[in-house]
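Text of structure-v8.json (JSON, C-alpha atoms) as supplied:
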[["chain", "number", "residue", "atom", "x", "y", "z"],
["A", 1, "MET", "CA", -72.75, -84.83, 32.77],
["A", 2, "LYS", "CA", -71.47, -81.90, 30.72],
["A", 3, "PRO", "CA", -73.64, -80.13, 28.13],
["A", 4, "VAL", "CA", -72.95, -81.23, 24.55],
["A", 5, "PRO", "CA", -71.30, -78.31, 22.75],
["A", 6, "HIS", "CA", -72.99, -76.67, 19.80],
["A", 7, "THR", "CA", -71.66, -78.01, 16.53],
["A", 8, "THR", "CA", -72.14, -76.88, 12.97],
["A", 9, "SER", "CA", -71.70, -78.73, 9.70],
["A", 10, "LEU", "CA", -71.29, -75.52, 7.66],
["A", 11, "ARG", "CA", -68.02, -75.10, 5.79],
["A", 12, "ARG", "CA", -68.49, -71.37, 6.17],
["A", 13, "ALA", "CA", -71.19, -69.28, 7.77],
["A", 14, "PRO", "CA", -73.12, -66.82, 5.60],
["A", 15, "VAL", "CA", -72.11, -63.23, 6.17],
["A", 16, "GLN", "CA", -74.26, -61.23, 3.76],
["A", 17, "ARG", "CA", -78.04, -61.33, 3.61],
["A", 18, "ARG", "CA", -78.00, -62.71, 0.08],
["A", 19, "SER", "CA", -75.78, -65.59, 1.19],
["A", 20, "ALA", "CA", -78.03, -66.33, 4.18],
["A", 21, "GLU", "CA", -81.09, -66.40, 1.92],
["A", 22, "ARG", "CA", -79.31, -68.81, -0.42],
["A", 23, "LEU", "CA", -78.48, -71.09, 2.50],
["A", 24, "THR", "CA", -82.14, -71.03, 3.55],
["A", 25, "ARG", "CA", -83.22, -72.04, 0.04],
["A", 26, "ILE", "CA", -80.71, -74.90, 0.04],
["A", 27, "LEU", "CA", -81.94, -76.25, 3.39],
["A", 28, "ASP", "CA", -85.58, -75.85, 2.36],
["A", 29, "ALA", "CA", -84.87, -77.79, -0.84],
["A", 30, "CYS", "CA", -83.04, -80.47, 1.14],
["A", 31, "ALA", "CA", -86.03, -80.86, 3.48],
["A", 32, "ASP", "CA", -88.54, -81.11, 0.63],
["A", 33, "LEU", "CA", -86.46, -83.68, -1.24],
["A", 34, "LEU", "CA", -86.00, -85.79, 1.87],
["A", 35, "ASP", "CA", -89.79, -86.16, 2.04],
["A", 36, "GLU", "CA", -90.03, -86.88, -1.70],
["A", 37, "VAL", "CA", -87.14, -89.25, -2.40],
["A", 38, "GLY", "CA", -85.62, -90.20, 0.97],
["A", 39, "TYR", "CA", -82.05, -89.86, 2.18],
["A", 40, "ASP", "CA", -80.44, -92.53, -0.01],
["A", 41, "ALA", "CA", -81.68, -90.91, -3.25],
["A", 42, "LEU", "CA", -80.89, -87.37, -2.07],
["A", 43, "SER", "CA", -78.05, -85.65, -3.93],
["A", 44, "THR", "CA", -76.36, -82.29, -3.70],
["A", 45, "ARG", "CA", -77.07, -81.72, -7.41],
["A", 46, "ALA", "CA", -80.80, -82.32, -6.95],
["A", 47, "VAL", "CA", -80.80, -79.92, -4.01],
["A", 48, "ALA", "CA", -79.06, -77.26, -6.12],
["A", 49, "VAL", "CA", -81.62, -77.66, -8.92],
["A", 50, "ARG", "CA", -84.57, -77.50, -6.51],
["A", 51, "ALA", "CA", -83.11, -74.47, -4.70],
["A", 52, "GLY", "CA", -82.33, -72.71, -8.00],
["A", 53, "VAL", "CA", -78.67, -72.18, -7.14],
["A", 54, "PRO", "CA", -75.40, -73.28, -8.79],
["A", 55, "ILE", "CA", -73.98, -76.55, -7.48],
["A", 56, "GLY", "CA", -70.95, -74.57, -6.34],
["A", 57, "SER", "CA", -73.18, -72.67, -3.93],
["A", 58, "VAL", "CA", -74.13, -75.93, -2.23],
["A", 59, "TYR", "CA", -70.48, -76.96, -1.89],
["A", 60, "ARG", "CA", -69.66, -73.50, -0.58],
["A", 61, "PHE", "CA", -71.62, -74.44, 2.53],
["A", 62, "PHE", "CA", -71.54, -78.26, 2.61],
["A", 63, "GLY", "CA", -69.07, -80.96, 1.72],
["A", 64, "ASN", "CA", -71.73, -83.64, 1.20],
["A", 65, "LYS", "CA", -75.38, -84.48, 1.74],
["A", 66, "ARG", "CA", -74.76, -85.71, 5.29],
["A", 67, "ALA", "CA", -73.50, -82.26, 6.22],
["A", 68, "MET", "CA", -76.69, -80.78, 4.72],
["A", 69, "ALA", "CA", -78.84, -83.16, 6.75],
["A", 70, "ASP", "CA", -76.90, -82.24, 9.90],
["A", 71, "ALA", "CA", -77.43, -78.54, 9.22],
["A", 72, "LEU", "CA", -81.14, -79.14, 8.66],
["A", 73, "ALA", "CA", -81.30, -80.98, 11.99],
["A", 74, "GLN", "CA", -79.61, -78.06, 13.74],
["A", 75, "ARG", "CA", -82.09, -75.65, 12.14],
["A", 76, "ASN", "CA", -84.92, -77.90, 13.32],
["A", 77, "LEU", "CA", -83.60, -77.66, 16.87],
["A", 78, "GLU", "CA", -83.40, -73.87, 16.68],
["A", 79, "ARG", "CA", -86.95, -73.63, 15.36],
["A", 80, "TYR", "CA", -88.20, -76.12, 17.95],
["A", 81, "THR", "CA", -86.63, -74.07, 20.74],
["A", 82, "GLU", "CA", -88.31, -70.93, 19.38],
["A", 83, "ARG", "CA", -91.69, -72.65, 19.25],
["A", 84, "VAL", "CA", -91.41, -73.95, 22.83],
["A", 85, "THR", "CA", -90.25, -70.53, 24.03],
["A", 86, "GLU", "CA", -93.30, -68.87, 22.46],
["A", 87, "ARG", "CA", -95.61, -71.43, 24.03],
["A", 88, "LEU", "CA", -94.10, -70.79, 27.46],
["A", 89, "LYS", "CA", -94.55, -67.04, 27.02],
["A", 90, "GLU", "CA", -98.22, -67.59, 26.19],
["A", 91, "ALA", "CA", -98.71, -69.93, 29.15],
["A", 92, "GLY", "CA", -97.18, -67.56, 31.70],
["A", 93, "ASP", "CA", -95.30, -68.37, 34.89],
["A", 94, "GLY", "CA", -98.36, -69.52, 36.83],
["A", 95, "GLU", "CA", -99.14, -72.57, 34.71],
["A", 96, "GLY", "CA", -96.54, -74.81, 36.31],
["A", 97, "TRP", "CA", -94.22, -77.47, 34.95],
["A", 98, "ARG", "CA", -96.98, -79.62, 33.46],
["A", 99, "ALA", "CA", -97.82, -76.86, 31.01],
["A", 100, "ALA", "CA", -94.14, -76.69, 30.11],
["A", 101, "VAL", "CA", -94.03, -80.45, 29.48],
["A", 102, "ASP", "CA", -97.15, -80.15, 27.31],
["A", 103, "ALA", "CA", -95.47, -77.41, 25.29],
["A", 104, "VAL", "CA", -92.33, -79.51, 24.81],
["A", 105, "LEU", "CA", -94.29, -82.57, 23.66],
["A", 106, "ASP", "CA", -96.93, -80.73, 21.63],
["A", 107, "GLU", "CA", -94.43, -78.73, 19.62],
["A", 108, "TYR", "CA", -92.40, -81.86, 18.88],
["A", 109, "ILE", "CA", -95.54, -83.61, 17.63],
["A", 110, "ALA", "CA", -96.49, -80.57, 15.55],
["A", 111, "MET", "CA", -93.09, -80.51, 13.86],
["A", 112, "LYS", "CA", -93.28, -84.26, 13.21],
["A", 113, "ARG", "CA", -96.58, -83.63, 11.42],
["A", 114, "THR", "CA", -95.78, -80.46, 9.49],
["A", 115, "ALA", "CA", -92.05, -79.68, 9.14],
["A", 116, "PRO", "CA", -90.62, -80.84, 5.78],
["A", 117, "GLY", "CA", -87.93, -83.51, 6.13],
["A", 118, "PHE", "CA", -88.46, -83.78, 9.88],
["A", 119, "SER", "CA", -89.68, -87.37, 9.80],
["A", 120, "LEU", "CA", -86.25, -88.46, 8.55],
["A", 121, "VAL", "CA", -83.90, -85.95, 10.16],
["A", 122, "ASP", "CA", -85.66, -84.46, 13.21],
["A", 123, "PHE", "CA", -82.79, -83.29, 15.46],
["A", 124, "GLY", "CA", -80.14, -85.44, 13.84],
["A", 125, "ASN", "CA", -80.53, -88.96, 15.19],
["A", 126, "GLN", "CA", -82.24, -90.55, 12.16],
["A", 127, "ILE", "CA", -79.63, -90.28, 9.39],
["A", 128, "PRO", "CA", -78.55, -92.82, 8.31],
["A", 129, "VAL", "CA", -82.01, -94.24, 8.96],
["A", 130, "GLY", "CA", -82.05, -96.32, 12.11],
["A", 131, "SER", "CA", -78.70, -95.11, 13.42],
["A", 132, "GLY", "CA", -78.45, -94.90, 17.19],
["A", 133, "HIS", "CA", -76.39, -91.75, 17.52],
["A", 134, "ALA", "CA", -76.85, -90.42, 21.06],
["A", 135, "GLU", "CA", -75.50, -86.88, 20.76],
["A", 136, "PRO", "CA", -78.63, -85.18, 19.30],
["A", 137, "ASN", "CA", -80.81, -86.23, 22.23],
["A", 138, "HIS", "CA", -78.15, -84.97, 24.62],
["A", 139, "ARG", "CA", -78.22, -81.67, 22.71],
["A", 140, "VAL", "CA", -82.03, -81.49, 22.92],
["A", 141, "ALA", "CA", -81.99, -82.32, 26.62],
["A", 142, "ASP", "CA", -79.36, -79.66, 27.34],
["A", 143, "ARG", "CA", -81.32, -77.06, 25.37],
["A", 144, "LEU", "CA", -84.53, -77.88, 27.23],
["A", 145, "THR", "CA", -82.77, -77.89, 30.60],
["A", 146, "ASP", "CA", -81.39, -74.41, 30.00],
["A", 147, "LEU", "CA", -84.73, -73.20, 28.64],
["A", 148, "LEU", "CA", -86.99, -74.69, 31.31],
["A", 149, "SER", "CA", -84.80, -74.21, 34.39],
["A", 150, "GLY", "CA", -85.57, -70.49, 34.43],
["A", 151, "TYR", "CA", -89.26, -71.15, 33.87],
["A", 152, "LEU", "CA", -89.24, -73.69, 36.69],
["A", 153, "SER", "CA", -87.02, -71.59, 38.97],
["A", 154, "ARG", "CA", -84.58, -74.50, 39.20],
["A", 155, "GLU", "CA", -80.83, -74.56, 38.96],
["A", 156, "PRO", "CA", -79.73, -76.31, 35.72],
["A", 157, "ASP", "CA", -77.51, -78.73, 37.60],
["A", 158, "GLU", "CA", -76.32, -82.24, 36.69],
["A", 159, "ASP", "CA", -79.34, -83.93, 38.29],
["A", 160, "LEU", "CA", -81.82, -81.83, 36.30],
["A", 161, "ARG", "CA", -79.88, -82.45, 33.07],
["A", 162, "ARG", "CA", -79.97, -86.19, 33.70],
["A", 163, "THR", "CA", -83.69, -86.05, 34.42],
["A", 164, "PHE", "CA", -84.43, -84.20, 31.18],
["A", 165, "LEU", "CA", -82.15, -86.50, 29.20],
["A", 166, "ILE", "CA", -84.11, -89.52, 30.41],
["A", 167, "ALA", "CA", -87.37, -87.74, 29.61],
["A", 168, "VAL", "CA", -86.16, -86.80, 26.11],
["A", 169, "GLU", "CA", -84.91, -90.32, 25.35],
["A", 170, "THR", "CA", -88.21, -91.78, 26.54],
["A", 171, "ALA", "CA", -90.37, -89.31, 24.62],
["A", 172, "ASP", "CA", -88.26, -89.77, 21.48],
["A", 173, "SER", "CA", -88.77, -93.55, 21.49],
["A", 174, "LEU", "CA", -92.49, -93.36, 22.20],
["A", 175, "VAL", "CA", -93.22, -90.60, 19.67],
["A", 176, "HIS", "CA", -91.46, -92.64, 16.99],
["A", 177, "LEU", "CA", -93.68, -95.55, 18.02],
["A", 178, "ALA", "CA", -96.76, -93.34, 17.67],
["A", 179, "PHE", "CA", -95.78, -92.43, 14.11],
["A", 180, "ARG", "CA", -95.07, -96.05, 13.21],
["A", 181, "VAL", "CA", -98.55, -97.01, 14.42],
["A", 182, "ALA", "CA", -100.28, -94.18, 12.50],
["A", 183, "PRO", "CA", -99.00, -91.76, 9.82],
["A", 184, "GLU", "CA", -100.14, -88.69, 11.79],
["A", 185, "GLY", "CA", -99.13, -90.11, 15.16],
["A", 186, "ASP", "CA", -101.39, -92.40, 17.17],
["A", 187, "GLU", "CA", -103.22, -90.21, 19.70],
["A", 188, "LYS", "CA", -103.50, -92.94, 22.32],
["A", 189, "VAL", "CA", -99.75, -93.57, 22.25],
["A", 190, "ILE", "CA", -99.12, -89.80, 22.44],
["A", 191, "GLU", "CA", -101.39, -89.43, 25.46],
["A", 192, "GLU", "CA", -99.73, -92.40, 27.16],
["A", 193, "THR", "CA", -96.40, -90.68, 26.51],
["A", 194, "ARG", "CA", -97.70, -87.49, 28.11],
["A", 195, "ALA", "CA", -98.92, -89.39, 31.16],
["A", 196, "LEU", "CA", -95.63, -91.25, 31.50],
["A", 197, "LEU", "CA", -93.59, -88.04, 31.29],
["A", 198, "ARG", "CA", -95.77, -86.33, 33.87],
["A", 199, "ALA", "CA", -95.50, -89.26, 36.29],
["A", 200, "TYR", "CA", -91.73, -89.45, 35.92],
["A", 201, "LEU", "CA", -91.08, -85.71, 36.18],
["A", 202, "ALA", "CA", -93.43, -85.31, 39.15],
["A", 203, "ARG", "CA", -90.84, -87.15, 41.27],
["A", 204, "VAL", "CA", -88.37, -84.34, 40.62],
["A", 205, "LEU", "CA", -90.40, -81.23, 39.88],
["A", 206, "ASP", "CA", -93.31, -81.38, 42.38]]
As structure tokens:
Amino acid sequence: MKPVPHTTSLRRAPVQRRSAERLTRILDACADLLDEVGYDALSTRAVAVRAGVPIGSVYRFFGNKRAMADALAQRNLERYTERVTERLKEAGDGEGWRAAVDAVLDEYIAMKRTAPGFSLVDFGNQIPVGSGHAEPNHRVADRLTDLLSGYLSREPDEDLRRTFLIAVETADSLVHLAFRVAPEGDEKVIEETRALLRAYLARVLD
């Protein structure tokens, strides 16, 4: 099982600071509008107006709204990785793998609750809504394997990648269930998810 390579939907990467700031405004506007109007009603023109940039600036980076949503998903993954990394630094090496699993799940829940546009896009497997595209969860699993293997003093081999992929797929399905049951995520479903992940990973990590 090979890691899924990093992909980007950008037509061109920003070079100057001003260009990078403009890209940030475009993605922020895209995220806000996803929450307000949904993916079907989203348009590149509306994003340009909300971001306060010419429509040509949007097309400088993206060919269409799907490419924008993909870029937002990639940014979500980068920010999620940063959040988990910070949690692991705070926990320290002595807390064990269960603390790492808590960090992974808790930060995902936190982004579901607070990050604009995340409920529709998350890491890329929701647009179009309901699509079953597998690659984003592979990308998340690979990122977590590389991140946690050092923390766990484990080699990031094929077996560990498979284990984390199964854990990610399971958590993804159950967290979506939690947010279907309750707008802020049903706490009982979330805690059952935590218990299930711990029981499954204990077979490999204890």
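Distance check against Val189 (chain A) using all atoms listed in the file: of A:Ala67, A:Ala171, A:Ala202, A:Leu27, the minimum falls on A:Ala171.
Here CA of Gly124 (chain A) and CA of Asp106 (chain A) stand 19.1 Å from one another.
Counting from CA of Glu90 (chain A), the distance to CA of Pro116 (chain A) is 25.5 Å.
Nearest to Phe164 (chain A) of all the residues A:Thr193, A:Asn137, A:Thr114, A:Thr85 is A:Asn137, based on all atoms listed in the file.
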Exercise for the section: Would you please work out which residue, of A:Gly117, A:Pro136, A:Pro183, A:Gly96, is nearest to Tyr151 (chain A) when using all atoms listed in the file? Expected result: A:Gly96
Practice task
With a distance cut-off of 12 Å and only C-alpha atoms, select the neighbouring residues of Glu107 (chain A), excluding the residue or stretch itself and same-chain residues fewer than 3 positions from it, and output the selection as number ranges by chain.
Solution key: A: 76-77, 79-88, 100-104, 110-115, 175
Exercise for the section: Pick out the residues sitting within 12 Å of Met68 (chain A), and hand them over as a PyMOL selection string; count all atoms listed in the file, and ignore anything fewer than 3 positions along from it in its own chain. Expected result: chain A and resi 8-11+23-31+33-34+39+42-44+47-48+58-65+71-75+117+121+124+127
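Take the candidates A:Glu192, A:Arg180, A:Leu120, A:Pro156 and check each one against Val37 (chain A) using all atoms listed in the file; the shortest distance goes to A:Leu120.
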Handout entry: Distance in Å - CA of Ala167 (chain A) versus CA of Phe179 (chain A)
Key = 18.2 Å
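If you measure from each of A:Ala182, A:Leu197, A:Val53, A:Leu147 to Val168 (chain A) using all atoms listed in the file, the closest one turns out to be A:Leu197.
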Problem - Within 12 Å of Arg161 (chain A) using all atoms listed in the file, minus same-chain residues under 4 positions, as number ranges by chain - result: A: 1-4, 137-149, 154-157, 165-168, 204
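Residue nearest Arg194 (chain A) within the list A:Arg45, A:Arg98, A:Lys89, A:Arg18: A:Arg98 [criterion: smallest interatomic distance, all atoms listed in the file].
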Since the input lacks some atoms of region 75-107 of chain A, please model N, CA and C atoms and print them as a PDB file, in the coordinates of the input.
ATOM      1  N   ARG A  75     -81.054 -76.663  12.342  1.00  0.00           N
ATOM      2  CA  ARG A  75     -82.090 -75.650  12.140  1.00  0.00           C
ATOM      3  C   ARG A  75     -83.408 -76.093  12.770  1.00  0.00           C
ATOM      4  N   ASN A  76     -83.708 -77.383  12.671  1.00  0.00           N
ATOM      5  CA  ASN A  76     -84.920 -77.900  13.320  1.00  0.00           C
ATOM      6  C   ASN A  76     -84.882 -77.653  14.824  1.00  0.00           C
ATOM      7  N   LEU A  77     -83.725 -77.869  15.435  1.00  0.00           N
ATOM      8  CA  LEU A  77     -83.600 -77.660  16.870  1.00  0.00           C
ATOM      9  C   LEU A  77     -83.794 -76.195  17.231  1.00  0.00           C
ATOM     10  N   GLU A  78     -83.232 -75.299  16.415  1.00  0.00           N
ATOM     11  CA  GLU A  78     -83.400 -73.870  16.680  1.00  0.00           C
ATOM     12  C   GLU A  78     -84.873 -73.476  16.574  1.00  0.00           C
ATOM     13  N   ARG A  79     -85.536 -73.970  15.552  1.00  0.00           N
ATOM     14  CA  ARG A  79     -86.950 -73.630  15.360  1.00  0.00           C
ATOM     15  C   ARG A  79     -87.812 -74.260  16.453  1.00  0.00           C
ATOM     16  N   TYR A  80     -87.469 -75.463  16.862  1.00  0.00           N
ATOM     17  CA  TYR A  80     -88.200 -76.120  17.950  1.00  0.00           C
ATOM     18  C   TYR A  80     -88.063 -75.316  19.239  1.00  0.00           C
ATOM     19  N   THR A  81     -86.853 -74.880  19.535  1.00  0.00           N
ATOM     20  CA  THR A  81     -86.630 -74.070  20.740  1.00  0.00           C
ATOM     21  C   THR A  81     -87.455 -72.793  20.692  1.00  0.00           C
ATOM     22  N   GLU A  82     -87.508 -72.149  19.530  1.00  0.00           N
ATOM     23  CA  GLU A  82     -88.310 -70.930  19.380  1.00  0.00           C
ATOM     24  C   GLU A  82     -89.783 -71.203  19.623  1.00  0.00           C
ATOM     25  N   ARG A  83     -90.278 -72.314  19.090  1.00  0.00           N
ATOM     26  CA  ARG A  83     -91.690 -72.650  19.250  1.00  0.00           C
ATOM     27  C   ARG A  83     -92.025 -72.918  20.720  1.00  0.00           C
ATOM     28  N   VAL A  84     -91.173 -73.669  21.413  1.00  0.00           N
ATOM     29  CA  VAL A  84     -91.410 -73.950  22.830  1.00  0.00           C
ATOM     30  C   VAL A  84     -91.342 -72.664  23.641  1.00  0.00           C
ATOM     31  N   THR A  85     -90.383 -71.807  23.323  1.00  0.00           N
ATOM     32  CA  THR A  85     -90.250 -70.530  24.030  1.00  0.00           C
ATOM     33  C   THR A  85     -91.514 -69.690  23.886  1.00  0.00           C
ATOM     34  N   GLU A  86     -92.069 -69.636  22.688  1.00  0.00           N
ATOM     35  CA  GLU A  86     -93.300 -68.870  22.460  1.00  0.00           C
ATOM     36  C   GLU A  86     -94.461 -69.461  23.241  1.00  0.00           C
ATOM     37  N   ARG A  87     -94.542 -70.791  23.266  1.00  0.00           N
ATOM     38  CA  ARG A  87     -95.610 -71.430  24.030  1.00  0.00           C
ATOM     39  C   ARG A  87     -95.504 -71.106  25.515  1.00  0.00           C
ATOM     40  N   LEU A  88     -94.294 -71.086  26.044  1.00  0.00           N
ATOM     41  CA  LEU A  88     -94.100 -70.790  27.460  1.00  0.00           C
ATOM     42  C   LEU A  88     -94.460 -69.339  27.764  1.00  0.00           C
ATOM     43  N   LYS A  89     -94.162 -68.438  26.831  1.00  0.00           N
ATOM     44  CA  LYS A  89     -94.550 -67.040  27.020  1.00  0.00           C
ATOM     45  C   LYS A  89     -96.065 -66.905  27.080  1.00  0.00           C
ATOM     46  N   GLU A  90     -96.754 -67.649  26.214  1.00  0.00           N
ATOM     47  CA  GLU A  90     -98.220 -67.590  26.190  1.00  0.00           C
ATOM     48  C   GLU A  90     -98.816 -68.198  27.454  1.00  0.00           C
ATOM     49  N   ALA A  91     -98.173 -69.255  27.964  1.00  0.00           N
ATOM     50  CA  ALA A  91     -98.710 -69.930  29.150  1.00  0.00           C
ATOM     51  C   ALA A  91     -98.545 -69.091  30.401  1.00  0.00           C
ATOM     52  N   GLY A  92     -97.428 -68.356  30.508  1.00  0.00           N
ATOM     53  CA  GLY A  92     -97.180 -67.560  31.700  1.00  0.00           C
ATOM     54  C   GLY A  92     -96.562 -68.384  32.815  1.00  0.00           C
ATOM     55  N   ASP A  93     -96.030 -67.707  33.809  1.00  0.00           N
ATOM     56  CA  ASP A  93     -95.300 -68.370  34.890  1.00  0.00           C
ATOM     57  C   ASP A  93     -96.194 -69.176  35.821  1.00  0.00           C
ATOM     58  N   GLY A  94     -97.492 -68.872  35.849  1.00  0.00           N
ATOM     59  CA  GLY A  94     -98.360 -69.520  36.830  1.00  0.00           C
ATOM     60  C   GLY A  94     -98.886 -70.876  36.428  1.00  0.00           C
ATOM     61  N   GLU A  95     -98.568 -71.322  35.205  1.00  0.00           N
ATOM     62  CA  GLU A  95     -99.140 -72.570  34.710  1.00  0.00           C
ATOM     63  C   GLU A  95     -98.453 -73.809  35.247  1.00  0.00           C
ATOM     64  N   GLY A  96     -97.226 -73.674  35.725  1.00  0.00           N
ATOM     65  CA  GLY A  96     -96.540 -74.810  36.310  1.00  0.00           C
ATOM     66  C   GLY A  96     -95.809 -75.677  35.290  1.00  0.00           C
ATOM     67  N   TRP A  97     -95.082 -76.673  35.809  1.00  0.00           N
ATOM     68  CA  TRP A  97     -94.220 -77.470  34.950  1.00  0.00           C
ATOM     69  C   TRP A  97     -94.997 -78.365  34.005  1.00  0.00           C
ATOM     70  N   ARG A  98     -96.205 -78.756  34.356  1.00  0.00           N
ATOM     71  CA  ARG A  98     -96.980 -79.620  33.460  1.00  0.00           C
ATOM     72  C   ARG A  98     -97.318 -78.911  32.158  1.00  0.00           C
ATOM     73  N   ALA A  99     -97.584 -77.628  32.231  1.00  0.00           N
ATOM     74  CA  ALA A  99     -97.820 -76.860  31.010  1.00  0.00           C
ATOM     75  C   ALA A  99     -96.554 -76.792  30.166  1.00  0.00           C
ATOM     76  N   ALA A 100     -95.410 -76.706  30.836  1.00  0.00           N
ATOM     77  CA  ALA A 100     -94.140 -76.690  30.110  1.00  0.00           C
ATOM     78  C   ALA A 100     -93.900 -78.021  29.406  1.00  0.00           C
ATOM     79  N   VAL A 101     -94.191 -79.121  30.091  1.00  0.00           N
ATOM     80  CA  VAL A 101     -94.030 -80.450  29.480  1.00  0.00           C
ATOM     81  C   VAL A 101     -94.975 -80.600  28.294  1.00  0.00           C
ATOM     82  N   ASP A 102     -96.202 -80.103  28.433  1.00  0.00           N
ATOM     83  CA  ASP A 102     -97.150 -80.150  27.310  1.00  0.00           C
ATOM     84  C   ASP A 102     -96.606 -79.373  26.115  1.00  0.00           C
ATOM     85  N   ALA A 103     -96.027 -78.206  26.379  1.00  0.00           N
ATOM     86  CA  ALA A 103     -95.470 -77.410  25.290  1.00  0.00           C
ATOM     87  C   ALA A 103     -94.340 -78.147  24.591  1.00  0.00           C
ATOM     88  N   VAL A 104     -93.462 -78.769  25.367  1.00  0.00           N
ATOM     89  CA  VAL A 104     -92.330 -79.510  24.810  1.00  0.00           C
ATOM     90  C   VAL A 104     -92.821 -80.652  23.927  1.00  0.00           C
ATOM     91  N   LEU A 105     -93.782 -81.420  24.419  1.00  0.00           N
ATOM     92  CA  LEU A 105     -94.290 -82.570  23.660  1.00  0.00           C
ATOM     93  C   LEU A 105     -95.137 -82.125  22.479  1.00  0.00           C
ATOM     94  N   ASP A 106     -96.030 -81.171  22.693  1.00  0.00           N
ATOM     95  CA  ASP A 106     -96.930 -80.730  21.630  1.00  0.00           C
ATOM     96  C   ASP A 106     -96.186 -80.141  20.441  1.00  0.00           C
ATOM     97  N   GLU A 107     -95.170 -79.343  20.716  1.00  0.00           N
ATOM     98  CA  GLU A 107     -94.430 -78.730  19.620  1.00  0.00           C
ATOM     99  C   GLU A 107     -93.586 -79.751  18.861  1.00  0.00           C
TER     100      GLU A 107
END
